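A.B. asks: Below is the structure I would like to discuss, written out as structure tokens.
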Amino acid sequence: PPLRTLRRRLRGGAADPLGAELAAALAAAGAGAGDALLLHSVSGANLHSVATGPALPPVTLLVVLRRMPAEMEADDPAPDRLPALLARLRARFGDRLRLFADTEPLAGAFAALSGQNVRPVPLPVVVPDSPPRPLGDPPHVVFAGGARAEKGYAALPEAITAVAGRARFTIQSGRVGAEADPLVQQAHRRLRTLAGVTLVEQALDPAAYAALLESADLLLLPYEGGVYGARSSGILAEALALGLPAVVPAGCWMEQAAGPDRAVAIPPGTPPGPLAAAALAEALERLPTLTLAARMGAPAWRARHNPDRLLQDLLGAC
């Protein structure tokens with residue numbers, strides 16, 4: 001998103017094309033009253049183009065807001081602030097606008113910000129229904145999601161070193177190039193030197209990614225809790241569906257969703273490495289009981305968070 005914003009500025013503030021593209025596509029499809037248009041994971045600039053661009057057919061507009069308001073104001077933003085932007089959408093679509101968010105705290109934040117009704121909807125999680133297996137000896141700890149600063153990548157070497165010999169680790173970093181955050185690059189170089197660590201330095205296709213999660217005994221997610229806040233984490237949602245315990249940041253949706261029986265929370269503080277190390281050590285100590293609770297909670301999580309339930313909730317609001 002920051003690169004898209006920069007490109008737009010360099011082009012002299014050219015408008016986001018989504019609104020015009022949708023108008024053409026919906027007209028070609030013959031869409032109209034009784035049809036619904038779903039916008040999932042959109043930016044402020046995207047929504048502004050829909051609110052101010054060419055008129056759309058009289059479809060019902062379903063918007064799922066997945067990012068924190070502050071993120072939407074900073075990355076690929078609209079010319080208007082969010083309250084004014086959401087008011088513009090309401091003025092254009094009237095009672096054909098439906099606003100959603102994929103966590104209850106995020107829905108509450110956008111409702112307070114906009115003064116409009118924002119409903120929580122399920123996460124569209126799809127995981128294989130695999131039979132339980134014994135814990136690894138040593139346990140297999142997985143970090144997934146890529147080498148990014150907000151995912152706590154810089155804390156990994158210290159956390160892993162602190163529990164050396166108690167677990168084996170797979171770190172799905174993806175490519176880490178010269179453009180990456182310097183702290184991320186430094187951590188990546190250290191991880192390459194550690195025993196018991198397998199680095200996955202390329203993108204994974206869906207089957208390989210699913211296999212990686214299925215092989216895990218514990219997920220290590222030392223994300224920045226203040227950055228993630230009320231927003232969801234797809235990786236944690238998949239872990240809860242699989243019955244996997246996790247190490248997560250405190251004070252955010254991730255801690256709330258997993259709860260103390262299925263996760264150990266990393267308290268906020270600086271430097272993050274020792275705090276992540278202490279939480280990881282506790283999780284390994286409690287791993288059998290955490291795993292039992294995670295497996296017991298998985299069926300209810302899958303029953304609530306799946307594509308069918310999401311579609312039912314969206315269409316039920318039309």
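Identifiers in this document derive from the order of the structure tokens: chains are assigned A, B, ..., residues are numbered from 1 separately in each chain, and ligands are numbered from 1 in order of occurrence.
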From a DSSP pass on the backbone, collect the residues of region 165-218 of chain A flagged as helix (DSSP H, G or I) and hand them back as a ChimeraX atom specification.

C.D. replies: /A:182-191,206-214

A.B. asks: Keeping only C-alpha atoms, write the selected residues as an mmCIF file, in the first residue's frame.

C.D. replies:
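File part19.cif, as written:
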```cif
data_model
loop_
_atom_site.group_PDB
_atom_site.id
_atom_site.type_symbol
_atom_site.label_atom_id
_atom_site.label_comp_id
_atom_site.auth_asym_id
_atom_site.auth_seq_id
_atom_site.Cartn_x
_atom_site.Cartn_y
_atom_site.Cartn_z
ATOM 1 C CA PRO A 182 17.599 -3.579 8.541
ATOM 2 C CA LEU A 183 16.555 -5.274 11.799
ATOM 3 C CA VAL A 184 14.752 -7.942 9.797
ATOM 4 C CA GLN A 185 17.845 -8.494 7.654
ATOM 5 C CA GLN A 186 20.028 -8.771 10.757
ATOM 6 C CA ALA A 187 17.664 -11.275 12.363
ATOM 7 C CA HIS A 188 17.548 -13.306 9.158
ATOM 8 C CA ARG A 189 21.327 -13.588 9.060
ATOM 9 C CA ARG A 190 21.349 -14.790 12.678
ATOM 10 C CA LEU A 191 18.623 -17.355 12.040
ATOM 11 C CA PRO A 206 -1.446 -23.448 -0.723
ATOM 12 C CA ALA A 207 -0.735 -27.165 -0.405
ATOM 13 C CA ALA A 208 2.777 -26.636 0.965
ATOM 14 C CA TYR A 209 1.577 -23.953 3.361
ATOM 15 C CA ALA A 210 -1.209 -26.224 4.656
ATOM 16 C CA ALA A 211 1.290 -29.052 5.122
ATOM 17 C CA LEU A 212 3.584 -26.759 7.108
ATOM 18 C CA LEU A 213 0.800 -25.758 9.505
ATOM 19 C CA GLU A 214 -0.358 -29.376 9.868
#
```

A.B. asks: With only C-alpha atoms counted and 7 Å as the cut-off, give the residues of region 201-315 of chain A in contact with region 133-153 of chain A, each with its shortest interatomic distance in Å and the pair that gives it, as a tab-separated table.

C.D. replies:
```
residue	atom	partner	partner_atom	distance
A:Ala216	CA	A:His140	CA	5.2
A:Asp217	CA	A:His140	CA	5.1
A:Leu218	CA	A:Val141	CA	4.8
A:Leu219	CA	A:Val142	CA	5.0
A:Leu220	CA	A:Phe143	CA	5.1
A:Leu221	CA	A:Phe143	CA	6.3
A:Pro222	CA	A:Gly152	CA	5.0
A:Tyr223	CA	A:Lys151	CA	4.0
A:Glu224	CA	A:Glu150	CA	5.4
A:Val227	CA	A:Glu150	CA	6.9
```

A.B. asks: Those residues you just picked out, can you put them in a file as a short mmCIF file (atom, residue, chain, number, x, y, z; two decimals), in the first residue's frame with N, CA, C and O atoms?

C.D. replies:
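The new file again.cif reads:
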```
data_model
loop_
_atom_site.label_atom_id
_atom_site.label_comp_id
_atom_site.auth_asym_id
_atom_site.auth_seq_id
_atom_site.Cartn_x
_atom_site.Cartn_y
_atom_site.Cartn_z
N ALA A 216 2.96 -28.58 12.49
CA ALA A 216 3.34 -27.81 13.67
C ALA A 216 2.73 -28.39 14.94
O ALA A 216 1.64 -28.96 14.93
N ASP A 217 3.44 -28.20 16.04
CA ASP A 217 2.90 -28.46 17.38
C ASP A 217 2.57 -27.16 18.09
O ASP A 217 1.75 -27.16 19.02
N LEU A 218 3.20 -26.06 17.67
CA LEU A 218 3.01 -24.77 18.31
C LEU A 218 3.32 -23.70 17.29
O LEU A 218 4.30 -23.81 16.53
N LEU A 219 2.50 -22.65 17.23
CA LEU A 219 2.79 -21.51 16.38
C LEU A 219 3.39 -20.40 17.20
O LEU A 219 2.89 -20.07 18.28
N LEU A 220 4.46 -19.82 16.69
CA LEU A 220 5.13 -18.69 17.34
C LEU A 220 4.79 -17.44 16.54
O LEU A 220 5.24 -17.27 15.41
N LEU A 221 3.99 -16.55 17.13
CA LEU A 221 3.50 -15.36 16.44
C LEU A 221 3.80 -14.13 17.30
O LEU A 221 2.89 -13.55 17.92
N PRO A 222 5.06 -13.69 17.32
CA PRO A 222 5.44 -12.58 18.21
C PRO A 222 5.15 -11.21 17.60
O PRO A 222 6.00 -10.32 17.57
N TYR A 223 3.94 -11.05 17.08
CA TYR A 223 3.57 -9.83 16.37
C TYR A 223 3.56 -8.63 17.31
O TYR A 223 3.50 -8.78 18.54
N GLU A 224 3.57 -7.43 16.74
CA GLU A 224 3.45 -6.21 17.53
C GLU A 224 1.97 -6.00 17.85
O GLU A 224 1.17 -5.65 16.98
N VAL A 227 0.23 -2.76 16.84
CA VAL A 227 -0.02 -2.61 15.41
C VAL A 227 -1.24 -3.43 15.00
O VAL A 227 -2.10 -2.96 14.25
#
```

A.B. asks: Quick one: which region 117-140 of chain A residues come within 12 Å of region 31-54 of chain A, and what is the nearest atom pair for each with the distance in Å to one decimal, counting only C-alpha atoms, rows ordered by chain and ascending number, as a Markdown table?

C.D. replies:
```
| residue | atom | partner | partner_atom | distance |
| --- | --- | --- | --- | --- |
| A:Val121 | CA | A:His40 | CA | 11.5 |
| A:Leu123 | CA | A:His40 | CA | 11.3 |
| A:Pro124 | CA | A:His40 | CA | 11.4 |
```

A.B. asks: Let me see the file: selected residues, C-alpha atoms, as a PDB file, in the first residue's frame.

C.D. replies:
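Saved file result-v8.pdb follows:
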```pdb
ATOM      1  CA  VAL A 121     -18.728 -11.513  10.315  1.00  0.00           C
ATOM      2  CA  LEU A 123     -13.424 -15.443   8.984  1.00  0.00           C
ATOM      3  CA  PRO A 124     -13.448 -17.689   5.881  1.00  0.00           C
TER       4      PRO A 124
END
```

A.B. asks: Quick one: of A:Leu26, A:Leu287, A:Ala164, A:Met254, who's nearest to Leu56 (chain A), counting only C-alpha atoms?

C.D. replies: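 The shortest atom-to-atom distance to Leu56 (chain A) comes from A:Leu26.
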
A.B. asks: Show which residues sit within 12 Å of Leu86 (chain A), as a PyMOL selection string. Count only C-alpha atoms, and ignore same-chain residues fewer than 2 positions away.

C.D. replies: chain A and resi 44-52+63+65+69+78+80-84+88-94+97-99+110-118

A.B. asks: I'd like the contact shell of Gly297 (chain A) - 9 Å cut-off, only C-alpha atoms, skipping same-chain residues fewer than 2 positions apart - returned as a ChimeraX atom specification.

C.D. replies: /A:240-241,243,262,292-295,299-302

A.B. asks: Just to be explicit: take each residue in the selection above, keep N, CA, C and O atoms, and write the result as a short mmCIF file (atom, residue, chain, number, x, y, z; two decimals), in the first residue's frame.

C.D. replies:
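Final output, out_1.cif:
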```
data_model
loop_
_atom_site.label_atom_id
_atom_site.label_comp_id
_atom_site.auth_asym_id
_atom_site.auth_seq_id
_atom_site.Cartn_x
_atom_site.Cartn_y
_atom_site.Cartn_z
N LEU A 240 -6.29 -21.98 15.23
CA LEU A 240 -7.40 -22.33 16.11
C LEU A 240 -8.32 -23.36 15.45
O LEU A 240 -8.87 -24.24 16.12
N ALA A 241 -8.46 -23.28 14.13
CA ALA A 241 -9.26 -24.27 13.41
C ALA A 241 -8.59 -25.63 13.39
O ALA A 241 -9.26 -26.67 13.39
N GLY A 243 -6.64 -26.72 15.79
CA GLY A 243 -6.40 -27.19 17.15
C GLY A 243 -4.96 -27.03 17.58
O GLY A 243 -4.44 -27.84 18.37
N ARG A 262 -5.45 -21.64 25.35
CA ARG A 262 -4.89 -22.11 24.08
C ARG A 262 -3.66 -21.33 23.65
O ARG A 262 -3.08 -21.64 22.60
N LEU A 292 -4.30 -29.80 24.34
CA LEU A 292 -5.59 -30.42 24.64
C LEU A 292 -6.72 -29.40 24.54
O LEU A 292 -7.77 -29.66 23.92
N ALA A 293 -6.52 -28.21 25.12
CA ALA A 293 -7.55 -27.17 25.05
C ALA A 293 -7.78 -26.70 23.63
O ALA A 293 -8.92 -26.46 23.20
N ALA A 294 -6.68 -26.57 22.85
CA ALA A 294 -6.82 -26.12 21.46
C ALA A 294 -7.59 -27.15 20.64
O ALA A 294 -8.44 -26.78 19.81
N ARG A 295 -7.31 -28.42 20.84
CA ARG A 295 -8.01 -29.45 20.08
C ARG A 295 -9.49 -29.52 20.48
O ARG A 295 -10.36 -29.74 19.63
N PRO A 299 -13.41 -27.68 16.97
CA PRO A 299 -14.68 -27.88 16.25
C PRO A 299 -15.60 -26.67 16.32
O PRO A 299 -16.22 -26.30 15.31
N ALA A 300 -15.71 -26.05 17.49
CA ALA A 300 -16.58 -24.87 17.61
C ALA A 300 -16.04 -23.71 16.78
O ALA A 300 -16.82 -22.96 16.16
N TRP A 301 -14.71 -23.55 16.73
CA TRP A 301 -14.13 -22.47 15.92
C TRP A 301 -14.40 -22.70 14.45
O TRP A 301 -14.80 -21.79 13.73
N ARG A 302 -14.22 -23.95 13.97
CA ARG A 302 -14.48 -24.25 12.57
C ARG A 302 -15.95 -24.07 12.22
O ARG A 302 -16.29 -23.66 11.10
#
```
